[in-house]
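**Q** What follows is protein_26.cif, made up of mmCIF, C-alpha atoms and all ligand atoms:
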```
data_my_file
#
loop_
_atom_site.label_atom_id
_atom_site.label_comp_id
_atom_site.auth_asym_id
_atom_site.auth_seq_id
_atom_site.Cartn_x
_atom_site.Cartn_y
_atom_site.Cartn_z
CA MET P 6 -99.86 157.98 -0.79
CA SER P 7 -100.02 159.05 2.83
CA LYS P 8 -103.22 160.35 4.45
CA VAL P 9 -104.34 163.11 6.77
CA ARG P 10 -106.54 162.60 9.81
CA PHE P 11 -108.69 164.33 12.38
CA ALA P 12 -108.74 162.50 15.70
CA PRO P 13 -111.47 163.70 18.03
CA SER P 14 -112.12 162.13 21.43
CA PRO P 15 -115.86 161.66 22.05
CA THR P 16 -115.53 162.95 25.59
CA GLY P 17 -117.22 166.24 24.74
CA TYR P 18 -118.99 168.07 21.93
CA LEU P 19 -117.20 169.24 18.81
CA HIS P 20 -115.69 172.51 19.94
CA ILE P 21 -115.16 175.44 17.61
CA GLY P 22 -111.39 174.92 17.96
CA GLY P 23 -111.71 171.22 17.08
CA ALA P 24 -113.77 172.13 14.03
CA ARG P 25 -111.04 174.49 12.87
CA THR P 26 -108.37 171.81 13.36
CA CYS P 27 -110.53 169.44 11.33
CA LEU P 28 -111.08 172.08 8.64
CA PHE P 29 -107.35 172.68 8.15
CA ALA P 30 -106.58 168.95 8.11
CA TRP P 31 -109.45 168.39 5.67
CA LEU P 32 -108.30 171.24 3.39
CA TYR P 33 -104.79 169.86 3.39
CA ALA P 34 -106.11 166.42 2.44
CA ARG P 35 -108.39 167.73 -0.28
CA HIS P 36 -105.77 170.10 -1.68
CA THR P 37 -103.15 167.37 -1.95
CA ALA P 38 -105.67 164.64 -2.90
CA LYS P 39 -104.60 162.56 0.11
CA GLY P 40 -107.22 160.45 1.84
CA PHE P 41 -108.93 161.92 4.89
CA VAL P 42 -109.40 159.66 7.91
CA LEU P 43 -111.67 160.38 10.83
CA ARG P 44 -110.19 158.56 13.79
CA ILE P 45 -112.36 158.35 16.85
CA GLU P 46 -110.10 158.26 19.90
CA ASP P 47 -112.50 156.46 22.21
CA THR P 48 -110.08 154.56 24.40
CA ASP P 49 -111.34 156.23 27.56
CA MET P 50 -114.26 153.92 28.22
CA VAL P 51 -115.57 156.02 31.09
CA ARG P 52 -115.50 159.50 29.57
CA SER P 53 -116.36 158.56 25.98
CA LYS P 54 -120.10 158.88 25.32
CA LYS P 55 -122.29 157.80 22.41
CA GLU P 56 -124.12 161.12 22.36
CA TYR P 57 -120.86 163.03 22.03
CA LEU P 58 -119.81 160.81 19.15
CA GLN P 59 -123.16 161.34 17.46
CA GLU P 60 -122.89 165.08 17.90
CA ILE P 61 -119.34 165.17 16.53
CA LEU P 62 -120.31 163.20 13.43
CA GLU P 63 -123.42 165.32 12.83
CA SER P 64 -121.52 168.57 13.27
CA LEU P 65 -118.81 167.51 10.83
CA GLN P 66 -121.40 166.43 8.27
CA TRP P 67 -123.28 169.68 8.75
CA LEU P 68 -120.08 171.66 8.14
CA GLY P 69 -119.47 169.68 4.94
CA LEU P 70 -116.23 168.11 6.20
CA ASP P 71 -116.56 164.60 4.84
CA TRP P 72 -114.20 161.70 5.43
CA ASP P 73 -113.03 158.77 3.33
CA ASP P 74 -112.56 156.37 6.24
CA ILE P 75 -113.61 156.20 9.83
CA GLU P 76 -111.71 154.18 12.45
CA TYR P 77 -112.51 153.58 16.11
CA GLN P 78 -109.63 153.05 18.51
CA SER P 79 -111.91 151.05 20.80
CA GLU P 80 -111.97 148.36 18.09
CA ARG P 81 -108.18 148.22 17.86
CA PHE P 82 -107.14 147.23 21.36
CA ASP P 83 -105.65 143.93 20.08
CA ILE P 84 -103.32 145.83 17.80
CA TYR P 85 -102.06 148.03 20.64
CA ARG P 86 -101.61 145.02 22.90
CA ASP P 87 -99.59 143.21 20.19
CA TYR P 88 -97.25 146.17 19.89
CA ALA P 89 -96.90 146.37 23.65
CA ASN P 90 -96.00 142.66 23.75
CA LYS P 91 -93.51 143.13 20.96
CA LEU P 92 -91.85 145.92 22.93
CA ILE P 93 -91.74 143.68 26.01
CA GLU P 94 -90.12 140.87 23.97
CA GLN P 95 -87.53 143.34 22.67
CA GLY P 96 -86.77 144.50 26.20
CA LYS P 97 -88.06 148.01 25.44
CA ALA P 98 -91.05 147.71 27.75
CA TYR P 99 -91.91 145.90 30.95
CA LYS P 100 -94.94 145.00 33.06
CA LYS P 101 -95.44 146.29 36.57
CA ASP P 102 -98.56 146.29 38.75
CA GLY P 103 -100.72 145.23 35.80
CA ALA P 104 -99.58 148.14 33.62
CA VAL P 105 -97.08 148.15 30.77
CA PHE P 106 -94.31 150.74 30.79
CA ILE P 107 -92.15 151.73 27.83
CA LYS P 108 -88.47 152.50 28.41
CA TYR P 109 -87.40 155.34 26.18
CA ASP P 110 -84.04 155.70 24.63
CA VAL P 111 -84.01 159.42 25.45
CA GLN P 112 -82.09 161.39 22.84
CA GLU P 113 -82.42 164.79 21.31
CA VAL P 114 -85.79 165.39 19.70
CA ARG P 115 -86.34 167.88 16.92
CA ILE P 116 -89.11 168.08 14.36
CA ASN P 117 -89.69 170.09 11.29
CA ASP P 118 -93.11 171.55 11.84
CA LEU P 119 -94.86 172.64 8.62
CA ILE P 120 -96.21 175.75 10.34
CA ARG P 121 -93.62 176.62 12.96
CA GLY P 122 -90.46 175.40 11.25
CA GLU P 123 -87.84 173.50 13.20
CA ILE P 124 -88.68 172.83 16.84
CA VAL P 125 -85.93 171.52 19.10
CA PHE P 126 -87.44 170.15 22.29
CA GLN P 127 -85.38 171.23 25.27
CA GLU P 128 -87.44 169.37 27.81
CA LEU P 129 -87.19 165.65 27.11
CA PRO P 130 -89.56 163.01 28.46
CA LYS P 131 -88.62 161.07 31.53
CA GLN P 132 -87.16 157.60 30.96
CA GLU P 133 -90.38 155.63 31.04
CA ASP P 134 -94.08 155.95 30.57
CA VAL P 135 -97.26 153.88 30.80
CA ILE P 136 -98.44 152.55 27.44
CA ILE P 137 -101.10 150.07 28.63
CA LYS P 138 -102.94 150.95 31.82
CA SER P 139 -103.77 148.36 34.46
CA ASP P 140 -107.39 148.24 33.20
CA GLY P 141 -106.02 147.06 29.82
CA SER P 142 -106.68 150.27 27.94
CA PRO P 143 -103.86 151.89 25.97
CA THR P 144 -102.67 155.44 26.63
CA TYR P 145 -103.29 158.26 24.16
CA ASN P 146 -99.67 158.74 23.05
CA PHE P 147 -99.15 155.03 22.44
CA CYS P 148 -102.18 154.38 20.25
CA CYS P 149 -101.82 157.72 18.51
CA VAL P 150 -98.33 156.75 17.34
CA ILE P 151 -99.34 153.23 16.31
CA ASP P 152 -102.37 154.47 14.40
CA ASP P 153 -100.67 157.42 12.74
CA SER P 154 -98.04 155.00 11.56
CA LEU P 155 -100.29 152.08 10.49
CA MET P 156 -102.79 154.45 8.85
CA ASP P 157 -99.91 156.11 7.01
CA ILE P 158 -100.70 159.59 8.33
CA ASP P 159 -98.36 162.31 7.10
CA PRO P 160 -98.45 165.11 8.05
CA VAL P 161 -100.00 164.87 11.49
CA VAL P 162 -102.15 168.01 11.65
CA ARG P 163 -103.38 168.92 15.14
CA GLY P 164 -103.79 171.75 17.63
CA GLU P 165 -100.68 173.12 19.28
CA ASP P 166 -102.07 172.06 22.67
CA HIS P 167 -100.63 168.67 21.67
CA ILE P 168 -97.14 169.94 21.07
CA SER P 169 -96.02 168.80 24.52
CA ASN P 170 -96.97 165.24 23.57
CA THR P 171 -94.83 165.28 20.47
CA PRO P 172 -91.40 164.45 22.05
CA LYS P 173 -92.84 161.35 23.76
CA GLN P 174 -94.44 160.33 20.52
CA ILE P 175 -91.20 160.74 18.59
CA LEU P 176 -89.42 158.47 21.07
CA MET P 177 -92.22 155.92 20.62
CA TYR P 178 -91.86 156.05 16.84
CA ARG P 179 -88.18 155.33 17.29
CA ALA P 180 -88.81 152.50 19.78
CA MET P 181 -91.19 150.78 17.37
CA ASP P 182 -89.00 151.44 14.32
CA PHE P 183 -91.70 153.52 12.65
CA LYS P 184 -90.91 156.29 10.23
CA VAL P 185 -91.49 159.66 11.92
CA PRO P 186 -94.06 161.71 10.00
CA SER P 187 -94.02 165.47 9.61
CA PHE P 188 -96.20 167.58 11.91
CA ALA P 189 -98.30 170.71 11.57
CA HIS P 190 -99.29 172.16 14.94
CA LEU P 191 -102.04 174.73 14.53
CA PRO P 192 -102.12 177.83 16.74
CA LEU P 193 -105.18 177.84 18.98
CA ILE P 194 -108.19 180.11 18.79
CA MET P 195 -108.32 182.62 21.62
CA ALA P 196 -111.40 184.28 23.04
CA GLU P 197 -112.08 187.89 22.16
CA GLY P 198 -109.99 189.93 24.59
CA GLY P 199 -107.60 187.03 25.34
CA GLY P 200 -107.70 183.70 27.14
CA ARG P 201 -108.89 180.34 25.94
CA MET P 202 -112.31 179.93 24.37
CA SER P 203 -114.63 178.81 27.12
CA LYS P 204 -118.32 178.73 27.96
CA ARG P 205 -117.92 181.99 29.79
CA PHE P 206 -117.24 183.71 26.51
CA GLY P 207 -120.26 182.33 24.65
CA ALA P 208 -121.04 179.41 22.37
CA THR P 209 -118.24 176.88 22.09
CA ALA P 210 -119.86 173.77 20.55
CA ILE P 211 -120.56 173.74 16.82
CA SER P 212 -124.09 172.48 17.53
CA GLU P 213 -124.74 175.68 19.51
CA TYR P 214 -123.76 177.82 16.53
CA ARG P 215 -126.16 175.77 14.46
CA LYS P 216 -128.96 176.47 16.92
CA LEU P 217 -128.07 180.15 16.96
CA GLY P 218 -128.84 180.29 13.23
CA TYR P 219 -125.36 180.38 11.73
CA LEU P 220 -124.85 178.79 8.32
CA PRO P 221 -122.31 175.98 8.03
CA GLU P 222 -120.63 177.61 5.02
CA ALA P 223 -120.24 180.87 6.97
CA ILE P 224 -118.72 179.06 9.93
CA VAL P 225 -116.14 177.19 7.87
CA ASN P 226 -115.37 180.38 5.95
CA TYR P 227 -114.87 182.26 9.20
CA LEU P 228 -112.76 179.48 10.74
CA LEU P 229 -110.63 179.48 7.62
CA LEU P 230 -109.92 183.20 7.96
CA LEU P 231 -109.00 182.74 11.61
CA GLY P 232 -105.31 182.41 11.08
CA TRP P 233 -105.14 181.89 7.34
CA SER P 234 -105.34 184.09 4.26
CA PRO P 235 -104.87 183.41 0.57
CA GLY P 236 -102.33 186.24 0.29
CA ASP P 237 -104.75 188.82 -1.09
CA ASP P 238 -107.72 190.53 0.49
CA ARG P 239 -110.42 188.08 -0.54
CA GLU P 240 -112.51 186.93 2.38
CA ILE P 241 -115.40 184.86 1.06
CA PHE P 242 -114.62 181.29 -0.02
CA SER P 243 -116.59 178.14 -0.55
CA LEU P 244 -115.03 174.94 0.77
CA LYS P 245 -114.22 173.96 -2.80
CA GLU P 246 -112.44 177.23 -3.56
CA ALA P 247 -110.63 177.06 -0.25
CA SER P 248 -109.40 173.53 -0.92
CA GLU P 249 -108.02 174.65 -4.28
CA LEU P 250 -106.23 177.65 -2.77
CA PHE P 251 -105.14 176.07 0.49
CA ASP P 252 -101.48 176.30 1.39
CA ILE P 253 -100.56 175.19 4.89
CA LYS P 254 -97.52 177.49 4.84
CA ARG P 255 -99.86 180.47 4.90
CA ILE P 256 -101.21 179.58 8.34
CA ASN P 257 -100.17 182.20 10.92
CA LYS P 258 -97.82 181.04 13.64
CA THR P 259 -99.61 183.07 16.29
CA SER P 260 -103.03 182.36 17.68
CA ALA P 261 -106.03 184.25 16.37
CA ALA P 262 -108.81 185.84 18.41
CA PHE P 263 -112.38 184.85 17.77
CA SER P 264 -114.62 187.74 16.77
CA PHE P 265 -118.40 187.46 16.80
CA ASP P 266 -118.63 190.70 14.79
CA LYS P 267 -116.65 189.17 11.97
CA LEU P 268 -118.57 185.89 12.08
CA ASN P 269 -121.83 187.85 12.01
CA TRP P 270 -120.67 189.87 9.03
CA ILE P 271 -119.72 186.71 7.12
CA ASN P 272 -122.99 185.00 8.03
CA GLY P 273 -124.92 188.05 6.81
CA GLU P 274 -122.90 188.06 3.58
CA TYR P 275 -123.85 184.45 2.90
CA ILE P 276 -127.51 185.16 3.61
CA ARG P 277 -127.50 188.24 1.35
CA LYS P 278 -125.97 186.43 -1.59
CA MET P 279 -128.30 183.45 -1.26
CA SER P 280 -131.27 183.23 -3.64
CA LEU P 281 -134.66 183.94 -2.12
CA ASP P 282 -135.77 180.34 -2.73
CA GLU P 283 -132.73 178.98 -1.00
CA LEU P 284 -133.19 181.28 2.00
CA CYS P 285 -136.83 180.15 2.28
CA GLU P 286 -135.75 176.54 2.31
CA ARG P 287 -133.07 177.15 4.93
CA LEU P 288 -135.52 179.00 7.16
CA LEU P 289 -138.15 176.30 6.84
CA SER P 290 -135.70 173.61 7.80
CA PHE P 291 -134.13 175.73 10.55
CA TYR P 292 -137.52 176.20 12.18
CA ALA P 293 -138.79 172.72 11.32
CA ALA P 294 -138.84 171.45 14.88
CA ASP P 295 -140.14 174.65 16.45
CA ASN P 296 -143.34 174.78 14.49
CA PRO P 297 -143.72 178.55 14.29
CA GLU P 298 -146.74 180.20 12.74
CA PHE P 299 -145.36 180.43 9.23
CA HIS P 300 -145.41 176.68 8.64
CA ASP P 301 -149.15 177.01 7.99
CA CYS P 302 -149.17 180.12 5.81
CA PRO P 303 -149.31 180.08 1.98
CA MET P 304 -145.84 179.62 0.49
CA ASP P 305 -146.21 182.67 -1.68
CA TYR P 306 -146.87 184.92 1.32
CA PHE P 307 -144.00 183.35 3.27
CA LYS P 308 -141.67 184.07 0.38
CA ARG P 309 -142.69 187.71 0.19
CA VAL P 310 -142.12 188.14 3.91
CA VAL P 311 -138.68 186.54 3.64
CA GLU P 312 -137.91 188.95 0.80
CA LEU P 313 -138.69 191.86 3.13
CA PHE P 314 -136.03 190.72 5.58
CA HIS P 315 -133.50 189.18 3.22
CA VAL P 316 -130.85 191.91 3.39
CA ARG P 317 -131.44 192.56 7.07
CA LEU P 318 -130.78 189.12 8.52
CA VAL P 319 -127.55 188.31 10.27
CA THR P 320 -128.61 184.85 11.44
CA LEU P 321 -131.52 182.54 10.60
CA SER P 322 -132.68 182.66 14.21
CA GLU P 323 -133.45 186.38 13.98
CA PHE P 324 -136.11 185.82 11.38
CA MET P 325 -138.93 184.74 13.65
CA ASP P 326 -138.52 187.63 16.06
CA LYS P 327 -138.22 190.21 13.35
CA SER P 328 -141.08 188.91 11.24
CA ARG P 329 -143.54 187.73 13.89
CA PHE P 330 -145.96 190.58 13.08
CA CYS P 331 -146.31 189.21 9.55
CA PHE P 332 -147.73 185.94 10.86
CA CYS P 333 -149.86 187.01 13.79
CA ASP P 334 -152.20 189.93 14.51
CA ASP P 335 -152.28 190.03 18.27
CA PHE P 336 -148.82 191.46 18.91
CA VAL P 337 -148.42 194.17 21.53
CA TYR P 338 -146.82 197.54 20.91
CA ASN P 339 -143.23 197.45 22.06
CA ASN P 340 -142.50 199.46 25.19
CA ASN P 341 -139.88 201.55 23.51
CA ALA P 342 -142.31 202.27 20.67
CA ALA P 343 -145.00 203.72 22.95
CA GLU P 344 -143.53 207.23 22.90
CA VAL P 345 -144.27 207.38 19.18
CA LEU P 346 -147.93 206.91 20.08
CA ASP P 347 -148.02 209.72 22.62
CA ASN P 348 -149.05 212.08 19.92
CA LYS P 349 -152.63 211.24 19.04
CA LEU P 350 -153.17 211.41 15.28
CA SER P 351 -156.66 209.94 15.04
CA LYS P 352 -157.79 212.42 12.42
CA GLU P 353 -154.85 211.74 10.11
CA ILE P 354 -155.03 207.98 10.56
CA THR P 355 -158.78 208.05 9.90
CA LEU P 356 -158.10 209.92 6.68
CA LEU P 357 -155.39 207.47 5.71
CA ILE P 358 -157.74 204.54 6.34
CA ALA P 359 -160.39 206.11 4.13
CA ARG P 360 -157.96 206.78 1.27
CA LEU P 361 -156.35 203.36 1.45
CA LYS P 362 -159.80 201.76 1.41
CA ASP P 363 -160.37 203.28 -2.04
CA LEU P 364 -157.34 201.55 -3.53
CA THR P 365 -158.21 198.62 -5.75
CA VAL P 366 -154.56 197.73 -6.36
CA PHE P 367 -152.62 197.70 -3.11
CA ASP P 368 -149.01 197.96 -4.28
CA LYS P 369 -146.19 199.87 -2.72
CA ALA P 370 -146.15 202.71 -5.29
CA LEU P 371 -149.86 203.45 -4.94
CA VAL P 372 -149.77 203.09 -1.17
CA GLU P 373 -146.91 205.57 -1.04
CA THR P 374 -148.76 208.07 -3.26
CA VAL P 375 -151.83 207.92 -1.04
CA PHE P 376 -149.71 208.23 2.07
CA ARG P 377 -147.99 211.36 0.78
CA GLN P 378 -151.31 212.91 -0.23
CA VAL P 379 -152.64 212.40 3.29
CA VAL P 380 -149.51 213.95 4.77
CA ASP P 381 -149.91 216.99 2.45
CA GLU P 382 -153.58 217.37 3.20
CA ALA P 383 -153.02 217.11 6.93
CA GLY P 384 -150.14 219.56 6.73
CA ILE P 385 -147.82 217.48 8.91
CA LYS P 386 -144.29 216.19 8.37
CA THR P 387 -144.05 212.75 6.78
CA LYS P 388 -142.15 211.29 9.74
CA PHE P 389 -144.99 212.19 12.12
CA LEU P 390 -147.23 209.80 10.26
CA VAL P 391 -144.60 207.19 9.31
CA HIS P 392 -143.70 206.33 12.90
CA PRO P 393 -147.15 205.64 14.35
CA VAL P 394 -148.19 203.76 11.20
CA ARG P 395 -145.12 201.59 11.50
CA VAL P 396 -145.82 200.86 15.15
CA ALA P 397 -149.46 200.11 14.32
CA LEU P 398 -148.42 197.62 11.64
CA THR P 399 -145.46 195.95 13.35
CA GLY P 400 -145.50 196.84 17.04
CA ASP P 401 -142.00 198.29 16.71
CA LYS P 402 -140.17 201.45 15.69
CA ILE P 403 -137.73 199.78 13.31
CA GLY P 404 -138.18 197.31 10.49
CA PRO P 405 -138.31 196.96 6.72
CA GLY P 406 -139.35 199.75 4.33
CA LEU P 407 -142.86 200.92 5.27
CA PHE P 408 -144.49 200.83 1.85
CA GLU P 409 -142.99 197.48 0.82
CA MET P 410 -144.19 196.09 4.09
CA MET P 411 -147.70 197.45 3.59
CA GLU P 412 -147.85 195.83 0.17
CA VAL P 413 -146.78 192.46 1.63
CA LEU P 414 -149.20 192.63 4.58
CA GLY P 415 -152.03 193.49 2.19
CA LYS P 416 -154.96 195.84 2.40
CA GLU P 417 -157.06 193.98 4.91
CA LYS P 418 -154.36 193.58 7.55
CA VAL P 419 -153.18 197.17 7.09
CA LEU P 420 -156.68 198.59 7.55
CA ASP P 421 -157.37 196.35 10.54
CA ARG P 422 -154.17 197.36 12.25
CA LEU P 423 -154.67 201.07 11.63
CA THR P 424 -158.18 200.74 13.09
CA ARG P 425 -156.67 198.95 16.06
CA LEU P 426 -154.44 201.98 16.64
CA LEU P 427 -157.50 204.26 16.66
CA LYS P 428 -159.04 202.04 19.32
CA TYR P 429 -155.82 202.09 21.33
CA TRP P 430 -155.97 205.89 21.42
CA GLU P 431 -159.63 205.79 22.32
CA VAL P 432 -159.08 203.43 25.22
CA LYS P 433 -155.97 205.18 26.47
CA ASN P 434 -157.69 208.48 25.97
CA VAL P 435 -154.41 210.21 25.18
N1 LIG U 501 -107.79 162.89 20.50
C1 LIG U 501 -107.01 164.08 20.63
C2 LIG U 501 -107.93 165.23 20.99
O1 LIG U 501 -109.12 165.15 20.84
C3 LIG U 501 -106.29 164.43 19.35
C4 LIG U 501 -104.91 163.96 19.32
C5 LIG U 501 -104.14 164.24 18.09
O2 LIG U 501 -104.66 164.91 17.17
O3 LIG U 501 -103.03 163.73 18.02
O4 LIG U 501 -107.44 166.26 21.42
#
```
Can you present the structure in this file as structure tokens?

**A**
Amino acid sequence: MSKVRFAPSPTGYLHIGGARTCLFAWLYARHTAKGFVLRIEDTDMVRSKKEYLQEILESLQWLGLDWDDIEYQSERFDIYRDYANKLIEQGKAYKKDGAVFIKYDVQEVRINDLIRGEIVFQELPKQEDVIIKSDGSPTYNFCCVIDDSLMDIDPVVRGEDHISNTPKQILMYRAMDFKVPSFAHLPLIMAEGGGRMSKRFGATAISEYRKLGYLPEAIVNYLLLLGWSPGDDREIFSLKEASELFDIKRINKTSAAFSFDKLNWINGEYIRKMSLDELCERLLSFYAADNPEFHDCPMDYFKRVVELFHVRLVTLSEFMDKSRFCFCDDFVYNNNAAEVLDNKLSKEITLLIARLKDLTVFDKALVETVFRQVVDEAGIKTKFLVHPVRVALTGDKIGPGLFEMMEVLGKEKVLDRLTRLLKYWEVKNV
């Protein structure tokens, strides 16, 4: 049975567009139970770099796109040279100035593209082309054709930026008497607002998305939806479900625009439906190298803090910023929160401190009851006390539910921080 391949060149990092090409090729392979080959196109000895290769492999593994075989074109130069010699013997190629040129038998070229239907190429290649450069290295089109043929690749799934190479490749298949495979040229991903995805628009390498705190399952899910749908309005799929449902005919012919809003929504969905234990594990490994404060806190406390933020997280990387006040006491009050503190409520806060001190069980229901009693006694509106208390406890105006948060922080921290607010007013003399 034929196979499907992804053929990255290690001359750069794995780009979001490359990852989507790989995903569609991988889904096709898994859906049809064909083998999936990762072919490293490292014939350009100058531009190919070990660190790019490493990053590509790690990114693919991280995304869960596994391969059955891996081949390196740099180890196959003998094969390409043999084919070039064969073409020379047959009079279909010749040597000049140290390079080998193929002479095409230029005839009409048409392909049946699995996504775009029949394509008749109006512009045909010129009569000849280099297949082995004077430094001995083969050209992309030449080794691509040899490998796709010898590795029994069918269909050839790749980005439509390669469509202009296809006529040359077809003529090479014919010259070498290879069977021409079918092709599936995928529409490209465009940047939000048009144009090609570039650095200017934001993260382009998969490893950057990883660092930004996106989940691999959310990224592949999002990439899948960029230009593909199962035919109904479902939007959340695991790789396994997607490989069962995948139908290459349902890929849109037009390019799709990347949307960070949509990716963020999907990432948040995955975080929300994750178990608390799983989210804790992901956060611990995400922050493993950074060594933030929470690595040293008791696991039980860490878990309760994560629970506070579980439904509010869009990415893993937001966690530390949002939850910093849970792991350190010396935070400053946010500038935009200061206005909340303009109104000095020392009397009310002092009363709240006294009442909270009396609590032997510090849970959210009891804390709330005490809080409401203080508000009643003081004769003020609840919000007038909620805001400064929140700023005292977190440094910010927004955050998780106040009473849940007080329960998680615990009595001692809450009392200390309320006392700190009294001191702030004293010093500022507002
Ligand atoms: N190595 C090519 C690239 O990275 C892929 C060529 C192909 O898929 O045929 O763009």

**Q** Please check which protein, DNA or RNA residues sit within 10 Å of ligand LIG 501 (chain U), counting all atoms listed in the file, and write them as a PyMOL selection string.

**A** chain P and resi 10-17+19-20+23+26-27+44-48+145-146+148-150+152-153+161-168+170-171+174+188+190

**Q** CA of Ser322 (chain P) to CA of Gly415 (chain P): how many Å, to one decimal?

**A** 25.2 Å

**Q** What's the 9 Å shell around Asp157 (chain P), counting all atoms listed in the file, without same-chain residues fewer than 4 positions away, as a ChimeraX atom specification?

**A** /P:6-9,152-153,186

**Q** May I have the residues at most 9 Å from (-147.7, 212.4, 12.4) in the file's coordinates, counting all atoms listed in the file, as an MDAnalysis selection string?

**A** chainID P and resid 348:350 353:354 380 383 385:394

**Q** For a test of reading the model, state the distance in Å between CA of Phe291 (chain P) and CA of Tyr219 (chain P), rounded to one decimal.

**A**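 Separation between CA of Phe291 (chain P) and CA of Tyr219 (chain P): 10.0 Å.
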
**Q** Could you please give me, as a PyMOL selection string, the residues of protein, DNA or RNA lying at most 7 Å from (-152.9, 195.5, -2.5) in the coordinate frame of the file, considering only C-alpha atoms?

**A** chain P and resi 365-368+412+415-416

**Q** Just C-alpha atoms for this one: save the residues we selected as a PDB file, keeping the file's coordinate frame.

**A**
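File produced: part.pdb:
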```
ATOM      1  CA  THR P 365    -158.210 198.620  -5.750  1.00  0.00           C
ATOM      2  CA  VAL P 366    -154.560 197.730  -6.360  1.00  0.00           C
ATOM      3  CA  PHE P 367    -152.620 197.700  -3.110  1.00  0.00           C
ATOM      4  CA  ASP P 368    -149.010 197.960  -4.280  1.00  0.00           C
ATOM      5  CA  GLU P 412    -147.850 195.830   0.170  1.00  0.00           C
ATOM      6  CA  GLY P 415    -152.030 193.490   2.190  1.00  0.00           C
ATOM      7  CA  LYS P 416    -154.960 195.840   2.400  1.00  0.00           C
TER       8      LYS P 416
END
```

**Q** Of the candidates P:Phe147, P:Tyr429, P:Phe299, P:Phe263, which shows the shortest atom-to-atom distance to Lys173 (chain P), using all atoms listed in the file?

**A**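 For Lys173 (chain P), the nearest of the given residues is P:Phe147.
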
**Q** In Å to one decimal, how far is CA of Arg317 (chain P) from CA of Gly207 (chain P)?

**A**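 Between these atoms lies a distance of 23.2 Å.
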
**Q** As a PyMOL selection string, please: the residues near region 228-240 of chain P (cut-off 8 Å, all atoms listed in the file, same-chain neighbours under 6 positions excluded).

**A** chain P and resi 25+28-29+192+194+250-252+255-257+259-263

**Q** Write the residues you've just listed into a file as an mmCIF file, in the coordinates of the input, and include C-alpha atoms for each of them.

**A**
```
data_model
loop_
_atom_site.group_PDB
_atom_site.id
_atom_site.type_symbol
_atom_site.label_atom_id
_atom_site.label_comp_id
_atom_site.auth_asym_id
_atom_site.auth_seq_id
_atom_site.Cartn_x
_atom_site.Cartn_y
_atom_site.Cartn_z
ATOM 1 C CA ARG P 25 -111.040 174.490 12.870
ATOM 2 C CA LEU P 28 -111.080 172.080 8.640
ATOM 3 C CA PHE P 29 -107.350 172.680 8.150
ATOM 4 C CA PRO P 192 -102.120 177.830 16.740
ATOM 5 C CA ILE P 194 -108.190 180.110 18.790
ATOM 6 C CA LEU P 250 -106.230 177.650 -2.770
ATOM 7 C CA PHE P 251 -105.140 176.070 0.490
ATOM 8 C CA ASP P 252 -101.480 176.300 1.390
ATOM 9 C CA ARG P 255 -99.860 180.470 4.900
ATOM 10 C CA ILE P 256 -101.210 179.580 8.340
ATOM 11 C CA ASN P 257 -100.170 182.200 10.920
ATOM 12 C CA THR P 259 -99.610 183.070 16.290
ATOM 13 C CA SER P 260 -103.030 182.360 17.680
ATOM 14 C CA ALA P 261 -106.030 184.250 16.370
ATOM 15 C CA ALA P 262 -108.810 185.840 18.410
ATOM 16 C CA PHE P 263 -112.380 184.850 17.770
#
```

**Q** Between P:His315, P:Ser212, P:Asp266, P:Ile137, single out the one closest to Gln59 (chain P), counting all atoms listed in the file.

**A** P:Ser212

**Q** Neighbours of region 267-271 of chain P within 12 Å (all atoms listed in the file; same-chain residues fewer than 6 positions away dropped), as a PyMOL selection string?

**A** chain P and resi 197+214+217-231+240-243+277-278+316-321+323

**Q** Taking all atoms listed in the file into account, name the residue in P:Asp134, P:Asp118, P:Asp110, P:Gly141 that is nearest to Ala180 (chain P).

**A**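 Among the listed residues, the smallest separation from Ala180 (chain P) belongs to P:Asp110.
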
**Q** Write out as a PyMOL selection string each polymer residue whose atoms come within 6 Å of Leu398 (chain P), counting all atoms listed in the file; drop sequence neighbours fewer than 2 positions from it.

**A** chain P and resi 395-396+422

**Q** Smallest atom-to-atom distance to Lys55 (chain P): which of P:Tyr18, P:Phe265, P:Tyr99, P:Tyr292, using only C-alpha atoms?

**A**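 With only C-alpha atoms as the atom set, the closest residue is P:Tyr18.
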
**Q** Using all atoms listed in the file, which of the listed residues (P:Arg115, P:Lys131, P:Lys258, P:Lys308) sits closest to Ser280 (chain P)?

**A** P:Lys308

**Q** What lies within 7 Å of region 405-410 of chain P using all atoms listed in the file, ignoring chain neighbours under 5 positions off, as a PyMOL selection string?

**A** chain P and resi 313-314+369+372-373+395
